[in-house]
Amino acid sequence: MKNRHLVFTGLVLLIALLLPLLTNDYIIQVGTEIAMYAALAAGWNLIGGITGYPSFGNVTFFGLGAILAGAFSVNWHWQYGLAGIVAVLIAGAFGFLLGLPILRLKGHYFSIATLALAQATLAVVTNVQFLGGGRGTSLPLIGSPLIFYYIMFGIAALSALVTYLIVHSQYGNTLLAIKSDEQAAQSVGINTVLAKSTAFALSALLGAMVGVVYAIWQSYIDPPTVFEPGITVLMLVMTLIGGAGTVAGPILGAVIIGLLTQLAMAFSQNASSLILGLGIIVVVLFLPQGILGRQRSGKGGKRKGKHSFSLRG
Amino acid sequence: MHLWLQIILNGILQGGILGISALAFSLQWGVMNLINLAHGSFQILAAYVAMVLLQRLGLDPFLAMPLVFLIFLAGGYLLQFGIINRVISGNLFMTLLLTYGLDFVLANFMILLFTADYKSVNTPYANSSWHLLGFQFPIVRTLALIFLVILSLLLWLFLEYSRTGRAIRATSMGTEPARLMGLKIPKVYALTFGLSSGLAAIGGIFFGLSNAFSPAAGGPLTVGAFVVTILGGVGTSWGPLVGGLILGVLDAVGSVILGPTYVNIITFGLLLIILILRPTGVLGRAAT
């Protein structure tokens, strides 16, 4: 069992590493996007899948990473690496501090609060010239597409590794306890507030990291694009399709949705969004456990007839 | 002084449109514990329908209103009965996600049909106002506020005194006892969603009469309805009116003091603060 996982992981890594040697710029571009969304989905999975707090506003951290790194490097002439690290740390701290009050909310209230968080952050950023509000930020063109493919791929691998380590640690058990029964977890002495906020902060760190790389990869960013609510939806749908709470689920989901989107894009931008919408409906109706989630619960035979999320509203 | 009174008046009148939207949103939430993220897109769709009826058939939006109400009532009934009912007894998140998917489909469907450009429902009276005591009363917004009061009253009477309304209220208090009393929950839910959709359509027509709109305008409408519902309290008949007036005045005054680009900060910031300080709503009952 363990060996099979190892072989599978090795195979995926090998394919991903060798892919650029065999193919053209278009494939590399698609590959970079898929790796980017795999990392974002894995980050969402930490708070939404493993902890059971479905955030509708994780794009906040992606956007903050991109906007802050851009602003520091352009306006203060910082080296981009330094700007990126500071941006990621700020976004992580932002996630932790906001997590403290927001993660006290349950069910609908949490989801909508995160949605409002993303919109409020966008509204603030749009009104601050330093952050590129109104006109966006242009960054110098550096590096080759191939480098960004490998960097995004590295972040995706890092996200998967972090998820793996968390799932197989005491901390992972804590999060699982919170997801299945928060009051019970509290009553046995678990500091649920700290555990949840840490998960939110980790999720924020990963999201911001992707945002920082995205900004320099695209070399032009403006607030509405990097705070687009659709990005959160993609993270969430990819995780659900693959299987929420699993290590490989978000990555599998990112590959599936990424390839489907490319196919649909051949028709039109609208068609691809329309298909994404229909995809969400189909997943909710017919695959609420996700591809990997269903298998697992089938084997364990412990399906409670409910969905993999246990939300107490 | 006079200017400020006019600004506050504008806010109050804006509250009518916000309130009608929230009336529908709050009904779904209160009865079925359903947050309909496609709510705004329903409204924009109704605005487009009114626009097409006006352009093609010359039908005045106010005359078209009963027809559009009925179309949306039927559509909402079928949508709930055929699709949403399948997941609504499961967990909250799946229902939320389902309506998000619906929103995506509706918004992009509207872009395909009507393009992403801004449109409006052009009536001769859309931009005119009544004048009274030196104040301006924009016709459409004034009518929206009057409609909100009438609709709130009608909804309250319906829920309080009609047989069907009582069935809806009984279901909102708990599905299990309601089932034991012989109520068909799926049908009650479908009716509730249909009624909400019809109300949303009326709100959408008012929105289309007083604002330029595009398929992308649905999202902000949904969040606006959410804020108003939270302000007024979930599932109360008069909450939407109270919440609509509060948000309308805050937005109007805030956009004058801080500038129009800050309206979103007020709306979303207010939502965040309320959620954190009082998750059950300002006038609302305890969360379920």
# chains A, B, ... in the order shown; residues from 1 in each chain; ligands from 1

call {"tool": "interface_residues", "arguments": {"of": "chain B", "to": "chain A", "cutoff": "8 Å", "atoms": "only C-alpha atoms", "output": "ChimeraX atom specification"}}
result
/B:35,86-87,90-98,100-105,108-109,111-112,223,261-262,264-265,268-269,271-272,275-276,279,287-288

call {"tool": "residues_around", "arguments": {"residues": "segment 140-157 of chain A", "least_positions_apart": "4", "cutoff": "9 Å", "atoms": "only C-alpha atoms", "output": "JSON, numbers by chain"}}
result
{"A": [13, 16, 17, 20, 25, 28, 29, 31, 32, 33, 34, 35, 36, 37, 38, 39, 40, 42, 74, 161, 162, 206, 209, 210, 213, 214, 216, 217, 218, 219, 220, 251]}

call {"tool": "select_by_dssp", "arguments": {"residues": "segment 61-274 of chain A", "states": "strand (DSSP E)", "output": "NGL selection string"}}
result
:A and (137-138 or 220-221)

call {"tool": "write_last_selection", "arguments": {"atoms": "N, CA and C atoms", "output": "compact mmCIF listing (two decimals), in the first residue's frame"}}
result
# COMPACT_ATOMS: atom_id res chain seq x y z
N THR A 137 -0.09 47.22 -11.83
CA THR A 137 1.35 47.33 -11.64
C THR A 137 2.05 46.56 -12.75
N SER A 138 3.02 47.19 -13.39
CA SER A 138 3.82 46.49 -14.39
C SER A 138 5.16 46.10 -13.79
N TYR A 220 2.33 41.74 -15.45
CA TYR A 220 1.40 42.84 -15.23
C TYR A 220 0.24 42.32 -14.37
N ILE A 221 -0.08 43.04 -13.30
CA ILE A 221 -1.20 42.60 -12.47
C ILE A 221 -2.06 43.82 -12.12

call {"tool": "closest_residue", "arguments": {"among": "B:Ile274, B:Ala252, B:Gly244, B:Ala217", "to": "Ala116 of chain B", "atoms": "only C-alpha atoms"}}
result
B:Ala217

call {"tool": "atom_distance", "arguments": {"atom1": "atom CA of Gly233 of chain B", "atom2": "atom CA of Gly174 of chain B"}}
result
18.6 Å

call {"tool": "closest_residue", "arguments": {"among": "B:Ser197, B:Leu183, B:Gly204, B:Phe135", "to": "Leu9 of chain B", "atoms": "only C-alpha atoms"}}
result
B:Phe135

call {"tool": "atom_distance", "arguments": {"atom1": "atom CA of Ala190 of chain B", "atom2": "atom CA of Leu78 of chain B"}}
result
7.0 Å

call {"tool": "residues_around", "arguments": {"residues": "Ile150 of chain B", "least_positions_apart": "6", "cutoff": "12 Å", "atoms": "only C-alpha atoms", "output": "ChimeraX atom specification"}}
result
/B:16,19-20,23,143-144,156-157,237-238,241

call {"tool": "write_last_selection", "arguments": {"atoms": "N, CA and C atoms", "output": "PDB file, in the first residue's frame"}}
result
ATOM      1  N   GLY B  16     -35.398  50.830  -0.695  1.00  0.00           N
ATOM      2  CA  GLY B  16     -36.525  50.074  -1.258  1.00  0.00           C
ATOM      3  C   GLY B  16     -36.043  48.955  -2.154  1.00  0.00           C
ATOM      4  N   GLY B  19     -34.213  46.379  -0.181  1.00  0.00           N
ATOM      5  CA  GLY B  19     -35.127  45.626   0.668  1.00  0.00           C
ATOM      6  C   GLY B  19     -35.894  44.551  -0.084  1.00  0.00           C
ATOM      7  N   ILE B  20     -36.369  44.884  -1.312  1.00  0.00           N
ATOM      8  CA  ILE B  20     -37.115  43.879  -2.071  1.00  0.00           C
ATOM      9  C   ILE B  20     -36.215  42.683  -2.358  1.00  0.00           C
ATOM     10  N   LEU B  23     -35.886  40.684   0.731  1.00  0.00           N
ATOM     11  CA  LEU B  23     -37.125  40.001   1.109  1.00  0.00           C
ATOM     12  C   LEU B  23     -37.104  38.563   0.579  1.00  0.00           C
ATOM     13  N   LEU B 143     -41.258  54.346  -5.955  1.00  0.00           N
ATOM     14  CA  LEU B 143     -42.196  53.232  -6.140  1.00  0.00           C
ATOM     15  C   LEU B 143     -41.640  51.951  -5.526  1.00  0.00           C
ATOM     16  N   ALA B 144     -40.308  51.771  -5.632  1.00  0.00           N
ATOM     17  CA  ALA B 144     -39.690  50.556  -5.067  1.00  0.00           C
ATOM     18  C   ALA B 144     -39.923  50.502  -3.565  1.00  0.00           C
ATOM     19  N   TRP B 156     -46.220  39.001   4.976  1.00  0.00           N
ATOM     20  CA  TRP B 156     -46.523  38.757   6.386  1.00  0.00           C
ATOM     21  C   TRP B 156     -47.930  38.172   6.532  1.00  0.00           C
ATOM     22  N   LEU B 157     -48.897  38.780   5.822  1.00  0.00           N
ATOM     23  CA  LEU B 157     -50.274  38.271   5.881  1.00  0.00           C
ATOM     24  C   LEU B 157     -50.339  36.841   5.358  1.00  0.00           C
ATOM     25  N   SER B 237     -40.285  39.189   8.724  1.00  0.00           N
ATOM     26  CA  SER B 237     -41.013  39.816   7.628  1.00  0.00           C
ATOM     27  C   SER B 237     -40.609  41.274   7.444  1.00  0.00           C
ATOM     28  N   TRP B 238     -40.272  41.951   8.515  1.00  0.00           N
ATOM     29  CA  TRP B 238     -39.976  43.375   8.410  1.00  0.00           C
ATOM     30  C   TRP B 238     -38.482  43.659   8.418  1.00  0.00           C
ATOM     31  N   LEU B 241     -36.991  45.473   5.296  1.00  0.00           N
ATOM     32  CA  LEU B 241     -37.285  46.909   5.255  1.00  0.00           C
ATOM     33  C   LEU B 241     -36.311  47.680   6.150  1.00  0.00           C
TER      34      LEU B 241
END

call {"tool": "select_by_dssp", "arguments": {"residues": "segment 28-156 of chain B", "states": "helix (DSSP H, G or I)", "output": "PyMOL selection string"}}
result
chain B and resi 28-32+39-57+61-88+92-114+139-156

call {"tool": "atom_distance", "arguments": {"atom1": "atom CA of Gly92 of chain A", "atom2": "atom CA of Thr163 of chain A"}}
result
16.6 Å

call {"tool": "residues_around", "arguments": {"residues": "Val212 of chain A", "least_positions_apart": "3", "cutoff": "12 Å", "atoms": "only C-alpha atoms", "output": "PyMOL selection string"}}
result
chain A and resi 36+61-73+80-91+139+148+151-152+155+205-209+215-221+226

call {"tool": "closest_residue", "arguments": {"among": "A:Ala199, A:Val128, A:Leu260, A:Val193", "to": "Met238 of chain A", "atoms": "only C-alpha atoms"}}
result
A:Leu260

call {"tool": "residues_around", "arguments": {"residues": "Val49 of chain B", "least_positions_apart": "4", "cutoff": "9 Å", "atoms": "only C-alpha atoms", "output": "ChimeraX atom specification"}}
result
/B:44-45,53-54,68,205

call {"tool": "decode", "arguments": {"residues": "segment 151-304 of chain A", "atoms": "C-alpha atoms", "output": "mmCIF file, in the first residue's frame"}}
result
data_model
loop_
_atom_site.group_PDB
_atom_site.id
_atom_site.type_symbol
_atom_site.label_atom_id
_atom_site.label_comp_id
_atom_site.auth_asym_id
_atom_site.auth_seq_id
_atom_site.Cartn_x
_atom_site.Cartn_y
_atom_site.Cartn_z
ATOM 1 C CA ILE A 151 8.910 27.176 -9.725
ATOM 2 C CA MET A 152 5.134 26.655 -9.802
ATOM 3 C CA PHE A 153 5.688 22.944 -9.919
ATOM 4 C CA GLY A 154 7.992 23.244 -6.900
ATOM 5 C CA ILE A 155 5.340 25.146 -4.930
ATOM 6 C CA ALA A 156 2.731 22.533 -5.856
ATOM 7 C CA ALA A 157 5.059 19.775 -4.659
ATOM 8 C CA LEU A 158 5.744 21.737 -1.472
ATOM 9 C CA SER A 159 1.991 22.125 -0.857
ATOM 10 C CA ALA A 160 1.462 18.409 -1.288
ATOM 11 C CA LEU A 161 4.357 17.695 1.055
ATOM 12 C CA VAL A 162 3.008 20.082 3.697
ATOM 13 C CA THR A 163 -0.410 18.456 3.400
ATOM 14 C CA TYR A 164 1.121 14.997 3.709
ATOM 15 C CA LEU A 165 3.118 15.962 6.790
ATOM 16 C CA ILE A 166 0.097 17.594 8.430
ATOM 17 C CA VAL A 167 -2.245 14.684 7.691
ATOM 18 C CA HIS A 168 0.244 12.267 9.253
ATOM 19 C CA SER A 169 1.003 14.333 12.334
ATOM 20 C CA GLN A 170 -0.511 15.005 15.725
ATOM 21 C CA TYR A 171 -1.521 18.423 14.417
ATOM 22 C CA GLY A 172 -3.427 16.717 11.590
ATOM 23 C CA ASN A 173 -5.331 14.662 14.142
ATOM 24 C CA THR A 174 -6.187 17.858 15.976
ATOM 25 C CA LEU A 175 -7.615 19.395 12.806
ATOM 26 C CA LEU A 176 -9.522 16.222 12.066
ATOM 27 C CA ALA A 177 -10.980 16.308 15.570
ATOM 28 C CA ILE A 178 -12.066 19.895 15.023
ATOM 29 C CA LYS A 179 -13.699 18.920 11.758
ATOM 30 C CA SER A 180 -15.654 16.016 13.166
ATOM 31 C CA ASP A 181 -16.706 17.574 16.463
ATOM 32 C CA GLU A 182 -15.312 20.895 17.503
ATOM 33 C CA GLN A 183 -16.958 21.014 20.913
ATOM 34 C CA ALA A 184 -15.658 17.611 21.805
ATOM 35 C CA ALA A 185 -12.179 18.645 20.670
ATOM 36 C CA GLN A 186 -12.410 21.712 22.876
ATOM 37 C CA SER A 187 -13.601 19.736 25.845
ATOM 38 C CA VAL A 188 -10.548 17.453 25.766
ATOM 39 C CA GLY A 189 -8.306 20.482 26.028
ATOM 40 C CA ILE A 190 -7.438 21.204 22.404
ATOM 41 C CA ASN A 191 -6.796 24.867 21.709
ATOM 42 C CA THR A 192 -9.096 24.902 18.692
ATOM 43 C CA VAL A 193 -8.740 28.626 18.019
ATOM 44 C CA LEU A 194 -4.960 28.358 17.706
ATOM 45 C CA ALA A 195 -5.135 25.176 15.613
ATOM 46 C CA LYS A 196 -7.693 26.603 13.194
ATOM 47 C CA SER A 197 -5.927 29.935 12.828
ATOM 48 C CA THR A 198 -2.639 28.161 12.172
ATOM 49 C CA ALA A 199 -4.283 26.129 9.407
ATOM 50 C CA PHE A 200 -5.738 29.323 7.949
ATOM 51 C CA ALA A 201 -2.315 30.985 8.122
ATOM 52 C CA LEU A 202 -0.635 28.026 6.372
ATOM 53 C CA SER A 203 -3.315 28.189 3.724
ATOM 54 C CA ALA A 204 -2.604 31.922 3.396
ATOM 55 C CA LEU A 205 1.165 31.395 3.151
ATOM 56 C CA LEU A 206 0.810 28.904 0.290
ATOM 57 C CA GLY A 207 -1.740 31.089 -1.516
ATOM 58 C CA ALA A 208 0.462 34.173 -1.198
ATOM 59 C CA MET A 209 3.505 32.249 -2.402
ATOM 60 C CA VAL A 210 1.657 31.335 -5.586
ATOM 61 C CA GLY A 211 0.493 34.945 -5.932
ATOM 62 C CA VAL A 212 4.056 36.278 -5.687
ATOM 63 C CA VAL A 213 5.237 33.966 -8.468
ATOM 64 C CA TYR A 214 2.119 34.626 -10.536
ATOM 65 C CA ALA A 215 2.768 38.393 -10.506
ATOM 66 C CA ILE A 216 6.307 38.160 -11.866
ATOM 67 C CA TRP A 217 5.290 35.417 -14.304
ATOM 68 C CA GLN A 218 2.511 37.588 -15.785
ATOM 69 C CA SER A 219 4.597 40.796 -15.396
ATOM 70 C CA TYR A 220 1.396 42.844 -15.228
ATOM 71 C CA ILE A 221 -1.196 42.605 -12.471
ATOM 72 C CA ASP A 222 -4.211 44.652 -11.468
ATOM 73 C CA PRO A 223 -6.399 44.200 -8.388
ATOM 74 C CA PRO A 224 -9.646 42.924 -10.028
ATOM 75 C CA THR A 225 -7.737 40.124 -11.794
ATOM 76 C CA VAL A 226 -5.833 38.822 -8.777
ATOM 77 C CA PHE A 227 -8.840 39.118 -6.432
ATOM 78 C CA GLU A 228 -11.212 37.458 -8.919
ATOM 79 C CA PRO A 229 -13.712 35.379 -6.876
ATOM 80 C CA GLY A 230 -13.588 32.727 -9.624
ATOM 81 C CA ILE A 231 -10.082 31.806 -8.448
ATOM 82 C CA THR A 232 -11.440 30.765 -5.047
ATOM 83 C CA VAL A 233 -14.175 28.801 -6.787
ATOM 84 C CA LEU A 234 -11.587 26.953 -8.834
ATOM 85 C CA MET A 235 -9.566 26.009 -5.719
ATOM 86 C CA LEU A 236 -12.686 24.740 -4.064
ATOM 87 C CA VAL A 237 -14.087 22.815 -7.029
ATOM 88 C CA MET A 238 -10.750 21.200 -7.820
ATOM 89 C CA THR A 239 -10.391 20.039 -4.216
ATOM 90 C CA LEU A 240 -13.940 18.695 -4.130
ATOM 91 C CA ILE A 241 -13.616 16.834 -7.419
ATOM 92 C CA GLY A 242 -10.361 15.236 -6.377
ATOM 93 C CA GLY A 243 -11.468 14.556 -2.817
ATOM 94 C CA ALA A 244 -11.429 17.042 0.045
ATOM 95 C CA GLY A 245 -9.133 16.286 2.950
ATOM 96 C CA THR A 246 -6.924 13.937 0.938
ATOM 97 C CA VAL A 247 -3.313 14.644 -0.045
ATOM 98 C CA ALA A 248 -3.584 13.888 -3.766
ATOM 99 C CA GLY A 249 -7.174 15.080 -4.233
ATOM 100 C CA PRO A 250 -6.514 18.776 -4.925
ATOM 101 C CA ILE A 251 -3.743 17.922 -7.404
ATOM 102 C CA LEU A 252 -5.862 15.388 -9.250
ATOM 103 C CA GLY A 253 -8.717 17.920 -9.338
ATOM 104 C CA ALA A 254 -6.418 20.637 -10.680
ATOM 105 C CA VAL A 255 -5.235 18.372 -13.487
ATOM 106 C CA ILE A 256 -8.787 17.345 -14.435
ATOM 107 C CA ILE A 257 -10.265 20.864 -14.342
ATOM 108 C CA GLY A 258 -7.140 22.352 -15.947
ATOM 109 C CA LEU A 259 -7.344 20.015 -18.931
ATOM 110 C CA LEU A 260 -11.129 20.386 -19.264
ATOM 111 C CA THR A 261 -10.795 24.179 -19.190
ATOM 112 C CA GLN A 262 -8.236 24.072 -21.994
ATOM 113 C CA LEU A 263 -10.565 21.918 -24.078
ATOM 114 C CA ALA A 264 -13.479 24.277 -23.461
ATOM 115 C CA MET A 265 -11.324 27.337 -24.146
ATOM 116 C CA ALA A 266 -11.012 26.060 -27.706
ATOM 117 C CA PHE A 267 -14.641 27.168 -28.111
ATOM 118 C CA SER A 268 -14.739 30.359 -26.069
ATOM 119 C CA GLN A 269 -13.959 31.921 -22.725
ATOM 120 C CA ASN A 270 -17.668 31.912 -21.893
ATOM 121 C CA ALA A 271 -18.079 28.297 -22.838
ATOM 122 C CA SER A 272 -15.333 27.359 -20.400
ATOM 123 C CA SER A 273 -16.973 29.300 -17.544
ATOM 124 C CA LEU A 274 -20.334 27.808 -18.423
ATOM 125 C CA ILE A 275 -18.806 24.332 -18.325
ATOM 126 C CA LEU A 276 -17.164 25.111 -14.993
ATOM 127 C CA GLY A 277 -20.583 26.085 -13.608
ATOM 128 C CA LEU A 278 -22.197 22.921 -14.928
ATOM 129 C CA GLY A 279 -19.236 20.965 -13.574
ATOM 130 C CA ILE A 280 -19.874 22.342 -10.093
ATOM 131 C CA ILE A 281 -23.525 21.310 -10.276
ATOM 132 C CA VAL A 282 -22.647 17.819 -11.503
ATOM 133 C CA VAL A 283 -20.061 17.334 -8.751
ATOM 134 C CA VAL A 284 -22.484 18.434 -6.047
ATOM 135 C CA LEU A 285 -25.245 16.173 -7.325
ATOM 136 C CA PHE A 286 -23.316 13.076 -8.273
ATOM 137 C CA LEU A 287 -19.855 13.165 -6.715
ATOM 138 C CA PRO A 288 -20.144 14.900 -3.351
ATOM 139 C CA GLN A 289 -17.234 12.880 -1.917
ATOM 140 C CA GLY A 290 -14.812 13.552 -4.754
ATOM 141 C CA ILE A 291 -12.942 10.907 -6.746
ATOM 142 C CA LEU A 292 -10.431 9.888 -4.078
ATOM 143 C CA GLY A 293 -12.773 10.560 -1.160
ATOM 144 C CA ARG A 294 -15.375 8.101 -2.392
ATOM 145 C CA GLN A 295 -12.919 5.275 -2.859
ATOM 146 C CA ARG A 296 -11.572 5.654 0.617
ATOM 147 C CA SER A 297 -14.931 5.688 2.316
ATOM 148 C CA GLY A 298 -16.020 2.729 0.184
ATOM 149 C CA LYS A 299 -13.108 0.669 1.469
ATOM 150 C CA GLY A 300 -13.441 1.770 5.034
ATOM 151 C CA GLY A 301 -17.162 1.097 4.876
ATOM 152 C CA LYS A 302 -17.665 3.910 7.347
ATOM 153 C CA ARG A 303 -19.672 6.246 5.156
ATOM 154 C CA LYS A 304 -22.290 7.874 7.214
#
